[in-house]
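A.B. asks: Structure file work_21.pdb (PDB, C-alpha atoms) is given on the next line.
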ATOM      1  CA  MET A   1     -19.440 -16.327  35.290  1.00  0.00           C
ATOM      2  CA  ASP A   2     -16.257 -16.601  33.255  1.00  0.00           C
ATOM      3  CA  PHE A   3     -15.429 -14.703  30.067  1.00  0.00           C
ATOM      4  CA  ILE A   4     -16.507 -17.527  27.769  1.00  0.00           C
ATOM      5  CA  GLY A   5     -19.828 -18.053  29.583  1.00  0.00           C
ATOM      6  CA  ALA A   6     -20.553 -14.348  29.367  1.00  0.00           C
ATOM      7  CA  GLY A   7     -19.868 -14.373  25.630  1.00  0.00           C
ATOM      8  CA  LEU A   8     -16.724 -12.292  26.039  1.00  0.00           C
ATOM      9  CA  ARG A   9     -13.236 -12.949  24.805  1.00  0.00           C
ATOM     10  CA  PRO A  10     -10.642 -13.891  27.396  1.00  0.00           C
ATOM     11  CA  ARG A  11      -8.010 -11.304  28.255  1.00  0.00           C
ATOM     12  CA  ARG A  12      -4.848 -11.250  26.242  1.00  0.00           C
ATOM     13  CA  SER A  13      -1.533 -11.604  27.976  1.00  0.00           C
ATOM     14  CA  GLN A  14      -0.084  -8.637  29.832  1.00  0.00           C
ATOM     15  CA  THR A  15       2.935  -8.654  27.533  1.00  0.00           C
ATOM     16  CA  PHE A  16       0.744  -8.491  24.424  1.00  0.00           C
ATOM     17  CA  ARG A  17      -1.243  -5.551  25.857  1.00  0.00           C
ATOM     18  CA  GLU A  18       1.914  -3.679  26.765  1.00  0.00           C
ATOM     19  CA  GLU A  19       3.375  -4.172  23.290  1.00  0.00           C
ATOM     20  CA  SER A  20       0.074  -3.252  21.671  1.00  0.00           C
ATOM     21  CA  ASN A  21      -0.117  -0.032  23.695  1.00  0.00           C
ATOM     22  CA  LYS A  22       3.409   0.888  22.620  1.00  0.00           C
ATOM     23  CA  MET A  23       2.508   0.436  18.957  1.00  0.00           C
ATOM     24  CA  CYS A  24      -0.752   2.382  19.159  1.00  0.00           C
ATOM     25  CA  ALA A  25       0.223   5.282  21.394  1.00  0.00           C
ATOM     26  CA  CYS A  26       0.953   8.535  19.649  1.00  0.00           C
ATOM     27  CA  ALA A  27       3.746  10.908  20.602  1.00  0.00           C
ATOM     28  CA  CYS A  28       1.677  13.910  21.594  1.00  0.00           C
ATOM     29  CA  HIS A  29       0.131  13.120  24.980  1.00  0.00           C
ATOM     30  CA  GLY A  30       1.229  15.440  27.712  1.00  0.00           C
ATOM     31  CA  LYS A  31       2.801  17.633  25.016  1.00  0.00           C
ATOM     32  CA  SER A  32       6.122  16.002  25.908  1.00  0.00           C
ATOM     33  CA  GLY A  33       6.811  14.697  22.423  1.00  0.00           C
ATOM     34  CA  VAL A  34       7.478  11.225  23.829  1.00  0.00           C
ATOM     35  CA  SER A  35       5.177   8.267  23.226  1.00  0.00           C
ATOM     36  CA  VAL A  36       3.260   7.091  26.236  1.00  0.00           C
ATOM     37  CA  THR A  37       2.335   3.500  27.030  1.00  0.00           C
ATOM     38  CA  ARG A  38      -1.240   4.319  28.092  1.00  0.00           C
ATOM     39  CA  THR A  39      -3.631   6.820  26.626  1.00  0.00           C
ATOM     40  CA  SER A  40      -6.816   8.065  28.206  1.00  0.00           C
ATOM     41  CA  PRO A  41      -9.976   8.504  26.174  1.00  0.00           C
ATOM     42  CA  PHE A  42      -9.995  12.084  27.423  1.00  0.00           C
ATOM     43  CA  ASP A  43      -6.465  12.935  26.274  1.00  0.00           C
ATOM     44  CA  GLN A  44      -7.030  15.739  23.792  1.00  0.00           C
ATOM     45  CA  CYS A  45      -5.357  14.420  20.680  1.00  0.00           C
ATOM     46  CA  THR A  46      -6.226  15.005  17.043  1.00  0.00           C
ATOM     47  CA  SER A  47      -3.962  12.091  16.037  1.00  0.00           C
ATOM     48  CA  CYS A  48      -6.045   9.667  18.085  1.00  0.00           C
ATOM     49  CA  ALA A  49      -9.308  11.268  16.993  1.00  0.00           C
ATOM     50  CA  LYS A  50      -8.351  11.102  13.323  1.00  0.00           C
ATOM     51  CA  LYS A  51      -7.439   7.418  13.727  1.00  0.00           C
ATOM     52  CA  HIS A  52     -10.873   6.640  15.223  1.00  0.00           C
ATOM     53  CA  ILE A  53     -12.791   8.668  12.637  1.00  0.00           C
ATOM     54  CA  VAL A  54     -10.967   7.165   9.663  1.00  0.00           C
ATOM     55  CA  LYS A  55     -11.563   3.666  11.047  1.00  0.00           C
ATOM     56  CA  ALA A  56     -15.276   4.400  11.504  1.00  0.00           C
ATOM     57  CA  TRP A  57     -15.554   5.891   8.016  1.00  0.00           C
ATOM     58  CA  ASN A  58     -13.895   2.846   6.456  1.00  0.00           C
ATOM     59  CA  LEU A  59     -16.199   0.461   8.307  1.00  0.00           C
ATOM     60  CA  PHE A  60     -19.223   2.536   7.328  1.00  0.00           C
ATOM     61  CA  ASN A  61     -18.307   2.262   3.676  1.00  0.00           C
ATOM     62  CA  GLU A  62     -17.714  -1.493   3.832  1.00  0.00           C
ATOM     63  CA  PHE A  63     -19.940  -3.099   6.437  1.00  0.00           C
ATOM     64  CA  LEU A  64     -23.303  -1.349   6.757  1.00  0.00           C
ATOM     65  CA  TYR A  65     -25.166  -4.626   6.722  1.00  0.00           C
ATOM     66  CA  ASP A  66     -24.215  -5.852  10.207  1.00  0.00           C
ATOM     67  CA  ASP A  67     -25.442  -4.434  13.542  1.00  0.00           C
ATOM     68  CA  ASP A  68     -22.187  -5.389  15.269  1.00  0.00           C
ATOM     69  CA  ASN A  69     -20.207  -3.350  12.764  1.00  0.00           C
ATOM     70  CA  ARG A  70     -22.594  -0.404  13.145  1.00  0.00           C
ATOM     71  CA  ASP A  71     -21.954  -0.534  16.900  1.00  0.00           C
ATOM     72  CA  ILE A  72     -18.197  -0.478  16.258  1.00  0.00           C
ATOM     73  CA  ILE A  73     -18.640   2.531  13.953  1.00  0.00           C
ATOM     74  CA  SER A  74     -20.610   4.523  16.526  1.00  0.00           C
ATOM     75  CA  GLY A  75     -18.144   3.484  19.238  1.00  0.00           C
ATOM     76  CA  GLN A  76     -15.180   4.715  17.197  1.00  0.00           C
ATOM     77  CA  LEU A  77     -16.948   8.017  16.579  1.00  0.00           C
ATOM     78  CA  ARG A  78     -17.645   8.417  20.289  1.00  0.00           C
ATOM     79  CA  LEU A  79     -14.000   7.662  21.131  1.00  0.00           C
ATOM     80  CA  ALA A  80     -12.980  10.363  18.663  1.00  0.00           C
ATOM     81  CA  ALA A  81     -15.415  12.781  20.304  1.00  0.00           C
ATOM     82  CA  ASP A  82     -13.749  12.114  23.668  1.00  0.00           C
ATOM     83  CA  HIS A  83     -10.343  12.987  22.213  1.00  0.00           C
ATOM     84  CA  LEU A  84     -11.728  16.218  20.724  1.00  0.00           C
ATOM     85  CA  MET A  85     -14.289  17.473  23.245  1.00  0.00           C
ATOM     86  CA  TYR A  86     -12.178  20.110  24.994  1.00  0.00           C
ATOM     87  CA  ASP A  87      -9.761  21.383  22.370  1.00  0.00           C
ATOM     88  CA  HIS A  88     -11.909  20.882  19.227  1.00  0.00           C
ATOM     89  CA  ARG A  89     -15.516  21.010  20.415  1.00  0.00           C
ATOM     90  CA  ASP A  90     -17.064  21.531  16.949  1.00  0.00           C
ATOM     91  CA  ALA A  91     -15.418  18.349  15.658  1.00  0.00           C
ATOM     92  CA  ALA A  92     -16.455  16.440  18.785  1.00  0.00           C
ATOM     93  CA  LEU A  93     -20.076  17.465  18.361  1.00  0.00           C
ATOM     94  CA  LYS A  94     -20.024  16.505  14.680  1.00  0.00           C
ATOM     95  CA  ALA A  95     -18.624  13.050  15.554  1.00  0.00           C
ATOM     96  CA  ARG A  96     -21.230  12.587  18.278  1.00  0.00           C
ATOM     97  CA  ASP A  97     -24.095  13.667  16.005  1.00  0.00           C
ATOM     98  CA  LEU A  98     -22.957  11.227  13.323  1.00  0.00           C
ATOM     99  CA  ALA A  99     -22.725   8.425  15.914  1.00  0.00           C
ATOM    100  CA  ILE A 100     -26.319   9.116  16.962  1.00  0.00           C
ATOM    101  CA  LEU A 101     -27.576   8.962  13.374  1.00  0.00           C
ATOM    102  CA  ILE A 102     -25.836   5.613  12.883  1.00  0.00           C
ATOM    103  CA  GLU A 103     -27.082   4.215  16.207  1.00  0.00           C
ATOM    104  CA  GLU A 104     -30.639   5.184  15.320  1.00  0.00           C
ATOM    105  CA  ASN A 105     -30.374   3.754  11.768  1.00  0.00           C
ATOM    106  CA  ARG A 106     -31.046   7.188  10.276  1.00  0.00           C
ATOM    107  CA  ASP A 107     -28.482   6.837   7.495  1.00  0.00           C
ATOM    108  CA  SER A 108     -30.628   8.781   5.043  1.00  0.00           C
ATOM    109  CA  GLU A 109     -30.071  11.894   7.190  1.00  0.00           C
ATOM    110  CA  ILE A 110     -26.258  11.674   7.110  1.00  0.00           C
ATOM    111  CA  GLY A 111     -25.976  13.545   3.819  1.00  0.00           C
ATOM    112  CA  ASN A 112     -22.481  15.003   3.643  1.00  0.00           C
ATOM    113  CA  GLY A 113     -21.857  14.413   7.366  1.00  0.00           C
ATOM    114  CA  TRP A 114     -18.874  12.145   6.766  1.00  0.00           C
ATOM    115  CA  ALA A 115     -17.233  14.640   4.406  1.00  0.00           C
ATOM    116  CA  GLU A 116     -17.795  17.476   6.881  1.00  0.00           C
ATOM    117  CA  LEU A 117     -16.413  15.447   9.801  1.00  0.00           C
ATOM    118  CA  LEU A 118     -13.363  14.299   7.874  1.00  0.00           C
ATOM    119  CA  SER A 119     -12.681  17.869   6.773  1.00  0.00           C
ATOM    120  CA  ILE A 120     -13.028  19.259  10.305  1.00  0.00           C
ATOM    121  CA  VAL A 121     -10.785  16.621  11.878  1.00  0.00           C
ATOM    122  CA  ARG A 122      -8.174  16.953   9.133  1.00  0.00           C
ATOM    123  CA  MET A 123      -8.051  20.720   9.657  1.00  0.00           C
ATOM    124  CA  ALA A 124      -7.715  20.223  13.424  1.00  0.00           C
ATOM    125  CA  PHE A 125      -5.018  17.582  12.935  1.00  0.00           C
ATOM    126  CA  ASN A 126      -3.082  19.739  10.456  1.00  0.00           C
ATOM    127  CA  GLY A 127      -3.360  22.711  12.822  1.00  0.00           C
ATOM    128  CA  ASP A 128      -1.951  20.656  15.686  1.00  0.00           C
ATOM    129  CA  HIS A 129       0.774  19.106  13.497  1.00  0.00           C
ATOM    130  CA  PRO A 130       2.000  21.744  11.001  1.00  0.00           C
ATOM    131  CA  GLU A 131       5.255  19.835  10.529  1.00  0.00           C
ATOM    132  CA  ILE A 132       3.350  17.009   8.849  1.00  0.00           C
ATOM    133  CA  THR A 133       1.669  19.390   6.407  1.00  0.00           C
ATOM    134  CA  GLU A 134       5.043  20.938   5.600  1.00  0.00           C
ATOM    135  CA  ARG A 135       6.607  17.502   5.064  1.00  0.00           C
ATOM    136  CA  LEU A 136       3.807  16.536   2.658  1.00  0.00           C
ATOM    137  CA  LYS A 137       4.432  19.708   0.660  1.00  0.00           C
ATOM    138  CA  GLN A 138       8.117  18.826   0.454  1.00  0.00           C
ATOM    139  CA  LEU A 139       7.316  15.304  -0.731  1.00  0.00           C
ATOM    140  CA  GLU A 140       5.035  16.658  -3.455  1.00  0.00           C
ATOM    141  CA  LEU A 141       7.840  18.892  -4.712  1.00  0.00           C
ATOM    142  CA  GLU A 142      10.256  15.946  -4.773  1.00  0.00           C
ATOM    143  CA  THR A 143       8.003  13.800  -6.953  1.00  0.00           C
TER     144      THR A 143
END
What would the structure in this file look like if it were written as structure tokens?

C.D. replies:
Amino acid sequence: MDFIGAGLRPRRSQTFREESNKMCACACHGKSGVSVTRTSPFDQCTSCAKKHIVKAWNLFNEFLYDDDNRDIISGQLRLAADHLMYDHRDAALKARDLAILIEENRDSEIGNGWAELLSIVRMAFNGDHPEITERLKQLELET
């Protein structure tokens, strides 16, 4: 069965994928400080995790009405959990728990779960990237 018959999108060109990977890869994998062209879901990276969590949070606040979007939200949360599960276990568990609530349509139980998750991942990100926090402080002083 081909991609179209299976209801899947055809693959994009190799060149497009390579360029896309270059744009999306962060500069922290392997602690080398150099961007990599491929990232693994299990690379421990608060930059990647924050990206996934913020995307999920935005979708949650815009598109609750569609099952496909709910699946994307839980998938993004699970990707974030993969990036956090060794170095930031508490954040990974929070992301996973939130994904489960969304998958099971138990939105009424979320409470302040999003706020807690965003706070935890921001603290982890800021701890891993103190230069960014310092730069933001400098920018605030300049304005």

A.B. asks: Might you spell out which residues the PyMOL selection byres ((chain A and resi 46) around 8) would select in the displayed file, as a PyMOL selection string?

C.D. replies: chain A and resi 44-45+47-50+83-84+121+124-125+128

A.B. asks: Which is closer to Glu103 (chain A) than all the others in A:Ile72, A:Ala91, A:Met85, A:Leu118, using all atoms listed in the file?

C.D. replies: A:Ile72

A.B. asks: Give the answer as one residue: which of A:Ala81, A:Asp71, A:Glu109, A:His88 has the shortest atom-to-atom distance to Met123 (chain A), using only C-alpha atoms?

C.D. replies: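 Counting only C-alpha atoms, the residue closest to Met123 (chain A) is A:His88.
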
A.B. asks: Restricting the calculation to only C-alpha atoms: of A:Ala92, A:Glu104, A:Ile53, A:Gln138, which residue gets closest to Gly75 (chain A)?

C.D. replies: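 Selected residue with least distance to Gly75 (chain A): A:Ile53.
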
A.B. asks: Name all residues at most 6 Å from Ala56 (chain A) (count only C-alpha atoms; drop same-chain ones fewer than 3 positions away) and give them as an MDAnalysis selection string.

C.D. replies: chainID A and resid 53 59 73 76

A.B. asks: Find the distance between CA of Leu98 (chain A) and CA of Ser74 (chain A) and write it in Å to one decimal.

C.D. replies: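 Taking CA of Leu98 (chain A) and CA of Ser74 (chain A), their separation equals 7.8 Å.
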
A.B. asks: Run the PyMOL selection byres ((chain A and resi 113) around 10) against the file shown and list the residues it catches, as a PyMOL selection string.

C.D. replies: chain A and resi 94-95+97-98+101+109-112+114-119

A.B. asks: May I ask which of the residues A:Asp87, A:Glu62, A:Ser108, A:Glu142 is the closest one to Gly127 (chain A), counting all atoms listed in the file?

C.D. replies: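 The answer is A:Asp87, which sits nearest to Gly127 (chain A).
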